[in-house]
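Asks: My questions all concern the structure below.
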Amino acid sequence: MLRSTLSRITAAAAALLLIGVGTWRAIGASQSGDEAIKIPKKVCDKRVSGTAATNLLPEKGAKFKEETYQFDTRRYYGDCKLQAGGEDVGFSYIYRSGGKYPRKSIQSQGIPVSLGEAYGFISNRNGTMLLYIPCGDNSEKDTGSRLLITASASVVKQAKESRQLDESTKEVRALAVFTAQAARDMSRGCSSARAPRAFQTAP
């Protein structure tokens with residue numbers, strides 16, 4: 001009789017434990033995987049619009065995180081990485097004074113792209129986009145200055161693994177929009193740079 005009662009108690013406790021674990025997992029899943037991701041209006045230390053990142057990150061999942069390195073107007077280089085829902089997107093920038101950046105040889109390194117006066121390429125290897133943007137003060141000493149932006153996104157890298165990328169690939173187009181936005185926002189610190197307006201593939 002005692003053994004029977006103990007068995008029933010043990011079975012009931014085990015059932016309650018399983019129910020509790022299941023409930024905890026369900027709550028955890030709803031909190032980490034089903035919540036809508038909120039991307040701030042301004043990202044990268046509030047220097048870049050966050051709107052262009054929405055097509056490169058999931059709508060639901062792990063919450064948004066931002067990591068920046070030396071990302072302020074006093075620096076000549078920096079890095080910004082955005083993460084959400086298990087995916088990431090980001091870019092690095094470098095201000096360079098002097099040097100030559102011939103359009104033809106640069107664009108031959110991948111899929112050619114142009115953005116107003118800016119030009120660059122999309123890497124055939126990993127889908128990274130690199131853009132050279134005129135950025136100077138119109139003086140003779142500063143005619144070779146450039147703002148270099150290199151942008152990448154995990155969804156583009158994943159697309160590259162399954163198929164050949166080109167300018168019509170939706171992930172590439174989304175990265176181009178993000179890069180264009182970063183170029184516009186970052187080039188505002190360049191007195192002679194014309195803000196890029198539209199992404200185009202080079203002829």
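Residues in the structure tokens are numbered from 1 in each chain, the chains being A, B, ... in the order shown, and ligands are numbered from 1 in the order shown.
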Would you list the contacts of Lys104 in chain A as a list in words, taking every protein, DNA or RNA residue within 12 Å and counting only C-alpha atoms, but skipping same-chain residues closer than 2 positions in sequence?
Replies: Lys100, Tyr101, Pro102, Ile106, Gln107, Ser108, Gln109, Gly110, Ile111, Pro112, Val113, Ser114, Tyr119, Gly120, Phe121, Ala202 and Pro203 of chain A
Asks: Could you dump the residues just selected with all heavy atoms as a short mmCIF file (atom, residue, chain, number, x, y, z; two decimals), in the first residue's frame?
Replies:
data_model
loop_
_atom_site.label_atom_id
_atom_site.label_comp_id
_atom_site.auth_asym_id
_atom_site.auth_seq_id
_atom_site.Cartn_x
_atom_site.Cartn_y
_atom_site.Cartn_z
N LYS A 100 45.76 56.87 -55.09
CA LYS A 100 44.97 56.77 -56.32
C LYS A 100 44.09 55.54 -56.26
O LYS A 100 44.53 54.47 -55.84
CB LYS A 100 45.88 56.72 -57.53
CG LYS A 100 46.68 58.00 -57.75
CD LYS A 100 47.54 57.91 -59.00
CE LYS A 100 48.31 59.20 -59.22
NZ LYS A 100 49.14 59.14 -60.44
N TYR A 101 42.87 55.70 -56.70
CA TYR A 101 41.90 54.61 -56.69
C TYR A 101 41.24 54.53 -58.06
O TYR A 101 40.10 54.98 -58.24
CB TYR A 101 40.86 54.83 -55.59
CG TYR A 101 41.47 55.03 -54.23
CD1 TYR A 101 41.74 56.32 -53.76
CD2 TYR A 101 41.81 53.95 -53.43
CE1 TYR A 101 42.33 56.51 -52.52
CE2 TYR A 101 42.40 54.13 -52.19
CZ TYR A 101 42.65 55.42 -51.74
OH TYR A 101 43.23 55.60 -50.52
N PRO A 102 41.95 53.99 -59.07
CA PRO A 102 41.41 53.94 -60.43
C PRO A 102 40.14 53.11 -60.51
O PRO A 102 40.12 51.94 -60.11
CB PRO A 102 42.54 53.33 -61.25
CG PRO A 102 43.40 52.63 -60.25
CD PRO A 102 43.28 53.38 -58.97
N ILE A 106 39.63 48.92 -59.88
CA ILE A 106 38.90 48.58 -58.65
C ILE A 106 37.65 47.78 -58.97
O ILE A 106 37.38 46.74 -58.37
CB ILE A 106 38.55 49.87 -57.88
CG1 ILE A 106 39.81 50.45 -57.25
CG2 ILE A 106 37.50 49.58 -56.80
CD1 ILE A 106 39.62 51.80 -56.65
N GLN A 107 36.87 48.26 -59.95
CA GLN A 107 35.62 47.58 -60.27
C GLN A 107 35.83 46.22 -60.92
O GLN A 107 34.93 45.39 -60.93
CB GLN A 107 34.76 48.48 -61.15
CG GLN A 107 34.25 49.71 -60.41
CD GLN A 107 33.27 50.52 -61.21
OE1 GLN A 107 33.42 50.70 -62.42
NE2 GLN A 107 32.24 51.02 -60.55
N SER A 108 37.03 45.98 -61.45
CA SER A 108 37.32 44.68 -62.07
C SER A 108 37.49 43.58 -61.03
O SER A 108 37.57 42.40 -61.38
CB SER A 108 38.59 44.78 -62.92
OG SER A 108 39.73 45.01 -62.11
N GLN A 109 37.52 43.95 -59.75
CA GLN A 109 37.73 42.97 -58.69
C GLN A 109 36.46 42.23 -58.29
O GLN A 109 36.51 41.33 -57.45
CB GLN A 109 38.32 43.67 -57.46
CG GLN A 109 39.68 44.31 -57.72
CD GLN A 109 40.21 45.01 -56.49
OE1 GLN A 109 40.25 44.45 -55.40
NE2 GLN A 109 40.62 46.26 -56.64
N GLY A 110 35.34 42.60 -58.88
CA GLY A 110 34.08 41.93 -58.56
C GLY A 110 32.97 42.43 -59.45
O GLY A 110 33.21 42.86 -60.58
N ILE A 111 31.74 42.41 -58.94
CA ILE A 111 30.60 42.94 -59.68
C ILE A 111 30.65 44.46 -59.54
O ILE A 111 30.53 44.99 -58.44
CB ILE A 111 29.27 42.41 -59.09
CG1 ILE A 111 29.25 40.87 -59.12
CG2 ILE A 111 28.08 42.97 -59.85
CD1 ILE A 111 28.10 40.27 -58.33
N PRO A 112 30.85 45.21 -60.66
CA PRO A 112 31.00 46.66 -60.57
C PRO A 112 29.72 47.33 -60.07
O PRO A 112 28.61 46.95 -60.46
CB PRO A 112 31.31 47.09 -62.01
CG PRO A 112 31.70 45.83 -62.71
CD PRO A 112 30.95 44.72 -62.04
N VAL A 113 29.87 48.34 -59.21
CA VAL A 113 28.74 49.13 -58.75
C VAL A 113 29.14 50.60 -58.75
O VAL A 113 30.32 50.95 -58.65
CB VAL A 113 28.28 48.73 -57.32
CG1 VAL A 113 27.78 47.31 -57.28
CG2 VAL A 113 29.40 48.94 -56.31
N SER A 114 28.15 51.47 -58.89
CA SER A 114 28.39 52.90 -58.78
C SER A 114 27.25 53.52 -57.99
O SER A 114 26.14 53.02 -57.98
CB SER A 114 28.49 53.55 -60.16
OG SER A 114 27.28 53.38 -60.88
N TYR A 119 32.11 54.70 -56.40
CA TYR A 119 32.20 53.48 -57.20
C TYR A 119 32.90 52.40 -56.39
O TYR A 119 33.60 52.67 -55.41
CB TYR A 119 32.95 53.74 -58.51
CG TYR A 119 34.35 54.31 -58.31
CD1 TYR A 119 35.47 53.49 -58.19
CD2 TYR A 119 34.53 55.69 -58.23
CE1 TYR A 119 36.72 54.02 -58.00
CE2 TYR A 119 35.79 56.23 -58.04
CZ TYR A 119 36.89 55.39 -57.93
OH TYR A 119 38.14 55.92 -57.73
N GLY A 120 32.68 51.15 -56.81
CA GLY A 120 33.30 50.04 -56.11
C GLY A 120 32.88 48.72 -56.71
O GLY A 120 32.60 48.65 -57.91
N PHE A 121 32.79 47.70 -55.88
CA PHE A 121 32.45 46.38 -56.39
C PHE A 121 31.84 45.51 -55.29
O PHE A 121 31.98 45.79 -54.10
CB PHE A 121 33.68 45.69 -56.97
CG PHE A 121 34.74 45.37 -55.93
CD1 PHE A 121 34.76 44.15 -55.27
CD2 PHE A 121 35.73 46.30 -55.63
CE1 PHE A 121 35.74 43.86 -54.32
CE2 PHE A 121 36.71 46.02 -54.68
CZ PHE A 121 36.72 44.79 -54.03
N ALA A 202 27.46 49.41 -62.54
CA ALA A 202 28.25 50.16 -63.51
C ALA A 202 28.04 49.61 -64.90
O ALA A 202 27.80 48.41 -65.08
CB ALA A 202 29.73 50.06 -63.13
N PRO A 203 28.08 50.46 -65.93
CA PRO A 203 27.90 49.98 -67.31
C PRO A 203 29.06 49.12 -67.76
O PRO A 203 30.14 49.23 -67.22
CB PRO A 203 27.84 51.28 -68.10
CG PRO A 203 28.56 52.30 -67.26
CD PRO A 203 28.29 51.91 -65.84
#
Asks: Excluding Gly85 in chain A and its own-chain neighbours fewer than 5 positions away, which residues fall within 6 Å of it when counting only C-alpha atoms? Please give them as a PDB file with N, CA and C atoms, in the first residue's frame.
Replies:
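selection_13.pdb, written as the output of this step:
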ATOM      1  N   PRO A  58      16.078  39.532 -39.559  1.00  0.00           N
ATOM      2  CA  PRO A  58      14.740  38.921 -39.424  1.00  0.00           C
ATOM      3  C   PRO A  58      13.757  39.861 -38.727  1.00  0.00           C
ATOM      4  N   GLY A  61      12.774  37.260 -33.471  1.00  0.00           N
ATOM      5  CA  GLY A  61      13.884  36.474 -32.961  1.00  0.00           C
ATOM      6  C   GLY A  61      14.612  37.196 -31.842  1.00  0.00           C
ATOM      7  N   ALA A  62      15.874  36.834 -31.659  1.00  0.00           N
ATOM      8  CA  ALA A  62      16.687  37.437 -30.604  1.00  0.00           C
ATOM      9  C   ALA A  62      16.755  38.947 -30.798  1.00  0.00           C
TER      10      ALA A  62
END
Asks: Looking only at alpha helix (DSSP H) from DSSP on the backbone, list the matching residues of range 48-158 of chain A as a list in words.
Replies: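 Output for range 48-158 of chain A, alpha helix (DSSP H) only: Arg103, Lys104, Ser105, Ile106, Gln107, Ser154, Val155, Val156, Lys157 and Gln158 of chain A.
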Asks: Would you kindly return, as a PyMOL selection string, each protein, DNA or RNA residue with an atom no farther than 7 Å from any atom of Leu57 in chain A, considering only C-alpha atoms and excluding same-chain residues fewer than 6 positions away?
Replies: chain A and resi 84-85+87-88
Asks: Let me make sure I understand: among A:Arg184, A:Arg96, A:Arg146, A:Lys160, which one has the smallest atom-to-atom distance to Leu115 in chain A if we use only C-alpha atoms?
Replies: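 Using only C-alpha atoms, Leu115 in chain A sits closest to A:Arg184.
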Asks: Residues within 8 Å of Tyr77 in chain A, please, as a PyMOL selection string. Count only C-alpha atoms; anything in the same chain fewer than 5 positions from it doesn't count.
Replies: chain A and resi 70-71+92-95
Asks: Counting only C-alpha atoms, which of A:Thr150, A:Asn55, A:Asn124, A:Ser49 gets nearest to Gly78 in chain A?
Replies: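 For Gly78 in chain A, the nearest of the given residues is A:Thr150.
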Asks: Please compute the CA of Thr169 in chain A-CA of Pro40 in chain A distance, one decimal, in Å.
Replies: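 Going from CA of Thr169 in chain A over to CA of Pro40 in chain A covers 26.1 Å.
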Asks: Using only C-alpha atoms, can you tell me which of A:Thr179, A:Thr128, A:Ser154, A:Thr51 comes closest to Asp166 in chain A?
Replies: A:Thr128
Asks: Name the closest residue to Gln181 in chain A among the candidates A:Ile122, A:Ile37, A:Ala151, A:Leu165; distances are taken between atoms, counting only C-alpha atoms.
Replies: A:Ala151
Asks: So how many Å separate CA of Val155 in chain A and CA of Glu167 in chain A, to one decimal?
Replies: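 Answer for the CA of Val155 in chain A to CA of Glu167 in chain A separation: 14.8 Å.
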Asks: Would you list, as a VMD selection string, the residues of range 55-124 of chain A that end up in strand (DSSP E) under DSSP run on this structure's backbone?
Replies: chain A and resid 65 to 69 77 to 84 87 to 96 111 to 115 118 to 122
